[in-house]
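Next up, my_file21.cif (mmCIF, C-alpha atoms):
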```cif
data_target
#
loop_
_atom_site.label_atom_id
_atom_site.label_comp_id
_atom_site.auth_asym_id
_atom_site.auth_seq_id
_atom_site.Cartn_x
_atom_site.Cartn_y
_atom_site.Cartn_z
CA ALA A 1 0.00 0.00 0.00
CA ALA A 2 2.88 2.38 0.79
CA ALA A 3 4.45 1.70 -2.59
CA VAL A 4 1.15 2.32 -4.36
CA ALA A 5 0.64 5.53 -2.36
CA ALA A 6 4.09 6.66 -3.52
CA GLU A 7 2.82 6.29 -7.12
CA ALA A 8 4.98 3.25 -7.83
CA GLU A 9 2.51 2.23 -10.55
CA THR A 10 3.72 5.20 -12.55
CA TYR A 11 7.29 5.74 -11.41
CA ALA A 12 8.54 2.24 -10.46
CA SER A 13 6.17 -0.21 -12.13
CA ALA A 14 8.71 -3.01 -12.69
CA SER A 15 9.78 -2.96 -9.05
CA LEU A 16 6.17 -2.87 -7.91
CA ALA A 17 5.44 -5.94 -10.05
CA SER A 18 8.18 -7.77 -8.15
CA VAL A 19 6.51 -6.91 -4.84
CA ARG A 20 3.17 -8.07 -6.18
CA ASP A 21 4.73 -11.38 -7.22
CA LEU A 22 5.98 -11.84 -3.66
CA LYS A 23 2.51 -10.99 -2.37
CA ALA A 24 1.02 -13.69 -4.60
CA GLN A 25 3.54 -16.15 -3.21
CA LEU A 26 2.58 -15.15 0.32
CA ASP A 27 -1.11 -15.59 -0.43
CA ALA A 28 -0.43 -19.05 -1.87
CA GLU A 29 1.65 -20.01 1.17
CA LEU A 30 -1.05 -18.82 3.56
CA LYS A 31 -3.65 -20.78 1.64
CA ALA A 32 -1.48 -23.90 1.67
CA GLN A 33 -0.97 -23.63 5.42
CA ALA A 34 -4.67 -23.02 6.04
CA GLU A 35 -5.48 -26.27 4.24
CA LYS A 36 -3.17 -28.29 6.50
CA PHE A 37 -4.12 -29.88 9.78
CA ALA A 38 -3.76 -27.24 12.53
CA LEU A 39 -0.92 -29.02 14.35
CA THR A 40 1.20 -29.37 11.19
CA ARG A 41 0.96 -25.78 10.04
CA SER A 42 4.16 -23.75 9.82
CA TYR A 43 4.12 -20.08 9.02
CA THR A 44 7.91 -19.68 8.86
CA ARG A 45 7.95 -19.31 5.07
CA ALA A 46 4.97 -16.94 5.23
CA GLN A 47 6.80 -14.78 7.76
CA GLU A 48 9.90 -14.70 5.53
CA LEU A 49 7.80 -13.65 2.56
CA ALA A 50 6.00 -10.99 4.60
CA ASN A 51 9.34 -9.55 5.71
CA GLN A 52 10.62 -9.56 2.11
CA ILE A 53 7.46 -7.81 0.95
CA LYS A 54 7.77 -5.13 3.60
CA SER A 55 11.42 -4.50 2.82
CA GLN A 56 10.96 -4.43 -0.95
CA ALA A 57 7.84 -2.28 -0.72
CA GLU A 58 9.79 0.32 1.26
CA GLN A 59 12.52 0.24 -1.39
CA VAL A 60 9.93 0.58 -4.15
CA ALA A 61 8.34 3.56 -2.40
CA ALA A 62 11.75 5.24 -2.16
CA GLU A 63 12.51 4.40 -5.80
CA ALA A 64 9.16 5.81 -6.92
CA ALA A 65 9.77 9.03 -5.00
CA ALA A 66 13.24 9.41 -6.52
CA ASN A 67 11.97 8.66 -10.03
CA LYS A 68 9.08 11.08 -9.62
CA GLU A 69 11.48 13.83 -8.60
CA ALA A 70 13.71 13.08 -11.58
CA VAL A 71 10.72 13.28 -13.93
CA ARG A 72 9.60 16.52 -12.25
CA GLN A 73 13.00 18.09 -12.91
CA GLU A 74 13.08 16.79 -16.47
CA VAL A 75 9.61 18.17 -17.20
CA ALA A 76 10.42 21.54 -15.62
CA ALA A 77 13.39 21.90 -17.97
CA MET A 78 11.34 20.55 -20.88
CA MET A 79 8.66 23.20 -20.33
CA ASP A 80 11.15 26.01 -20.81
CA ALA A 81 12.66 24.36 -23.90
CA VAL A 82 9.26 23.74 -25.51
CA LYS A 83 8.12 27.31 -24.86
CA LEU A 84 11.32 28.62 -26.45
CA SER A 85 10.82 26.29 -29.40
CA LEU A 86 7.25 27.59 -29.80
CA GLU A 87 8.47 31.17 -29.92
CA GLU A 88 11.13 30.22 -32.47
CA ALA A 89 8.49 28.51 -34.61
CA ARG A 90 6.21 31.55 -34.42
CA SER A 91 9.07 33.80 -35.46
CA LEU A 92 9.97 31.48 -38.30
CA LEU A 93 6.34 31.33 -39.44
CA ALA A 94 6.18 35.13 -39.46
CA ARG A 95 9.10 35.11 -41.93
CA ALA A 96 7.59 32.33 -44.07
CA PRO A 97 7.31 33.04 -47.77
CA ARG A 98 3.96 34.40 -48.78
CA GLY A 99 2.54 34.06 -52.19
CA LYS A 100 -0.24 32.76 -54.30
CA GLY A 101 -1.97 29.82 -52.58
CA SER A 102 0.09 29.96 -49.40
CA ALA A 103 -2.47 31.68 -47.16
CA MET A 104 -4.31 28.45 -46.33
CA ASP A 105 -1.06 26.60 -45.65
CA LEU A 106 0.14 29.39 -43.38
CA ALA A 107 -3.20 29.46 -41.56
CA ALA A 108 -3.00 25.70 -41.03
CA LEU A 109 0.53 26.00 -39.66
CA GLN A 110 -0.58 28.84 -37.38
CA GLY A 111 -3.44 26.61 -36.20
CA ASP A 112 -0.93 23.87 -35.43
CA LEU A 113 1.13 26.30 -33.35
CA ASP A 114 -1.98 27.50 -31.53
CA ALA A 115 -2.85 23.87 -30.74
CA ALA A 116 0.69 23.30 -29.50
CA ALA A 117 0.41 26.36 -27.26
CA SER A 118 -2.82 24.96 -25.84
CA THR A 119 -1.17 21.59 -25.25
CA ILE A 120 1.72 23.32 -23.47
CA SER A 121 -0.80 25.05 -21.23
CA GLU A 122 -2.40 21.68 -20.45
CA GLY A 123 1.06 20.33 -19.67
CA GLU A 124 1.69 23.20 -17.28
CA THR A 125 -1.60 22.48 -15.53
CA ALA A 126 -0.75 18.78 -15.20
CA PHE A 127 2.69 19.75 -13.87
CA GLY A 128 1.11 22.03 -11.29
CA GLU A 129 -1.11 19.15 -10.18
CA GLY A 130 1.90 16.87 -9.74
CA LYS A 131 0.98 14.73 -12.76
CA TYR A 132 4.47 14.80 -14.19
CA MET A 133 4.13 11.90 -16.62
CA ASP A 134 0.97 13.46 -18.10
CA ALA A 135 2.76 16.78 -18.38
CA LYS A 136 5.72 15.11 -20.07
CA SER A 137 3.48 13.39 -22.58
CA LYS A 138 1.68 16.63 -23.44
CA LEU A 139 4.94 18.56 -23.80
CA GLU A 140 6.42 15.86 -26.03
CA GLY A 141 3.33 16.05 -28.24
CA ALA A 142 3.55 19.82 -28.42
CA GLN A 143 7.25 19.63 -29.26
CA ALA A 144 6.56 17.18 -32.09
CA THR A 145 3.93 19.53 -33.54
CA ILE A 146 6.27 22.50 -33.24
CA GLN A 147 9.10 20.62 -34.96
CA SER A 148 6.73 19.63 -37.75
CA VAL A 149 5.76 23.28 -38.31
CA LYS A 150 9.39 24.38 -38.26
CA ALA A 151 10.29 21.72 -40.81
CA ALA A 152 7.43 22.76 -43.10
CA VAL A 153 8.38 26.44 -42.95
CA GLU A 154 12.06 25.70 -43.48
CA ALA A 155 11.20 23.51 -46.48
CA ALA A 156 9.10 26.34 -47.93
CA MET A 157 11.95 28.78 -47.40
CA GLN A 158 14.41 26.43 -49.12
CA ALA A 159 12.02 25.92 -52.03
CA ARG A 160 11.67 29.67 -52.42
CA ILE A 161 15.45 30.12 -52.54
CA ARG A 162 15.80 27.62 -55.37
#
```

Is it possible to express this structure as structure tokens?
Amino acid sequence: AAAVAAEAETYASASLASVRDLKAQLDAELKAQAEKFALTRSYTRAQELANQIKSQAEQVAAEAAANKEAVRQEVAAMMDAVKLSLEEARSLLARAPRGKGSAMDLAALQGDLDAAASTISEGETAFGEGKYMDAKSKLEGAQATIQSVKAAVEAAMQARIR
């Protein structure tokens, strides 16, 4: 329960699976002992498993907390980088070649940047709520959209030069 409360599902899922495997072993051992005649029951193995579970769950909780903090720091840095990238893309779009038939393309690219800005805002909200993996996912999506717009504008600029 402590590992789950520390968000191990998100930040230490492999380690949590190991603890759950031990818990399944403990449950099986308890069931096996319960089926035995009362005088022949031995809970030594069950006690060993319970101690292992407790120890590993504490380690998983600590691992989850450390991983969550690492993701928090990564996302905080990512937010600044994505915002800067958005501004660069907007500046690049403002310098994009204009000509016959390009207005709709430019409007679509501007729409993509507006959507990316909205996604960044959603990422900031998720970050503020401590949902760092959600924030990371949103920021990665926004960054992909921004890079796509930059590539399209740069390709148009190169085509215009030729």

How would you write, as an MDAnalysis selection string, the residues chosen by the PyMOL selection byres ((chain A and resi 19) around 12) on this structure? chainID A and resid 1:4 8:9 12:18 20:26 49:61

Once you have the residues from the selection above, write them out as a short mmCIF file (atom, residue, chain, number, x, y, z; two decimals), keeping the file's coordinate frame, restricted to C-alpha atoms.
```cif
data_model
loop_
_atom_site.label_atom_id
_atom_site.label_comp_id
_atom_site.auth_asym_id
_atom_site.auth_seq_id
_atom_site.Cartn_x
_atom_site.Cartn_y
_atom_site.Cartn_z
CA ALA A 1 0.00 0.00 0.00
CA ALA A 2 2.88 2.38 0.79
CA ALA A 3 4.45 1.70 -2.59
CA VAL A 4 1.15 2.32 -4.36
CA ALA A 8 4.98 3.25 -7.83
CA GLU A 9 2.51 2.23 -10.55
CA ALA A 12 8.54 2.24 -10.46
CA SER A 13 6.17 -0.21 -12.13
CA ALA A 14 8.71 -3.01 -12.69
CA SER A 15 9.78 -2.96 -9.05
CA LEU A 16 6.17 -2.87 -7.91
CA ALA A 17 5.44 -5.94 -10.05
CA SER A 18 8.18 -7.77 -8.15
CA ARG A 20 3.17 -8.07 -6.18
CA ASP A 21 4.73 -11.38 -7.22
CA LEU A 22 5.98 -11.84 -3.66
CA LYS A 23 2.51 -10.99 -2.37
CA ALA A 24 1.02 -13.69 -4.60
CA GLN A 25 3.54 -16.15 -3.21
CA LEU A 26 2.58 -15.15 0.32
CA LEU A 49 7.80 -13.65 2.56
CA ALA A 50 6.00 -10.99 4.60
CA ASN A 51 9.34 -9.55 5.71
CA GLN A 52 10.62 -9.56 2.11
CA ILE A 53 7.46 -7.81 0.95
CA LYS A 54 7.77 -5.13 3.60
CA SER A 55 11.42 -4.50 2.82
CA GLN A 56 10.96 -4.43 -0.95
CA ALA A 57 7.84 -2.28 -0.72
CA GLU A 58 9.79 0.32 1.26
CA GLN A 59 12.52 0.24 -1.39
CA VAL A 60 9.93 0.58 -4.15
CA ALA A 61 8.34 3.56 -2.40
#
```

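The protein and nucleic acid residues lying at most 12 Å from stretch 91-104 of chain A are Leu84, Ser85, Gln110, Gly111, Asp112, Leu113, Ile146, Gln147, Ser148, Val149, Lys150, Ala151, Ala152, Val153, Glu154, Ala155, Ala156, Met157, Gln158, Ala159, Arg160 and Ile161 of chain A, with all atoms listed in the file considered and sequence neighbours fewer than 6 positions away removed.
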
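Between A:Tyr132 and the candidates A:Gln33, A:Thr40, A:Asn67, A:Thr119, the tightest atom-to-atom separation, counting all atoms listed in the file, involves A:Asn67.
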
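Atom CA of A:Glu29 is found 27.6 Å from atom CA of A:Glu63.
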
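Between A:Glu69 and the residues A:Tyr11, A:Lys31, A:Glu129, A:Gln143, the shortest atom-to-atom distance, using all atoms listed in the file, involves A:Tyr11.
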
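In this model, the gap between atom CA of A:Lys131 and atom CA of A:Ala144 comes to 20.3 Å.
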
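Between atom CA of A:Leu139 and atom CA of A:Ile120 there is a distance of 5.8 Å.
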
Here is a test: counting only C-alpha atoms, which residue of A:Asp105, A:Glu7, A:Glu74, A:Asp80 is nearest to A:Ser121? A:Asp80

Expansion of the PyMOL selection byres ((chain A and resi 136) around 12) into residues, as JSON, numbers by chain: {"A": [68, 70, 71, 72, 73, 74, 75, 76, 77, 78, 79, 82, 119, 120, 121, 122, 123, 124, 125, 126, 127, 130, 131, 132, 133, 134, 135, 137, 138, 139, 140, 141, 142, 143]}

Calculated over all atoms listed in the file, which of the candidates A:Ala108, A:Ala34, A:Ala116, A:Ala64 has the smallest distance to A:Thr10? A:Ala64
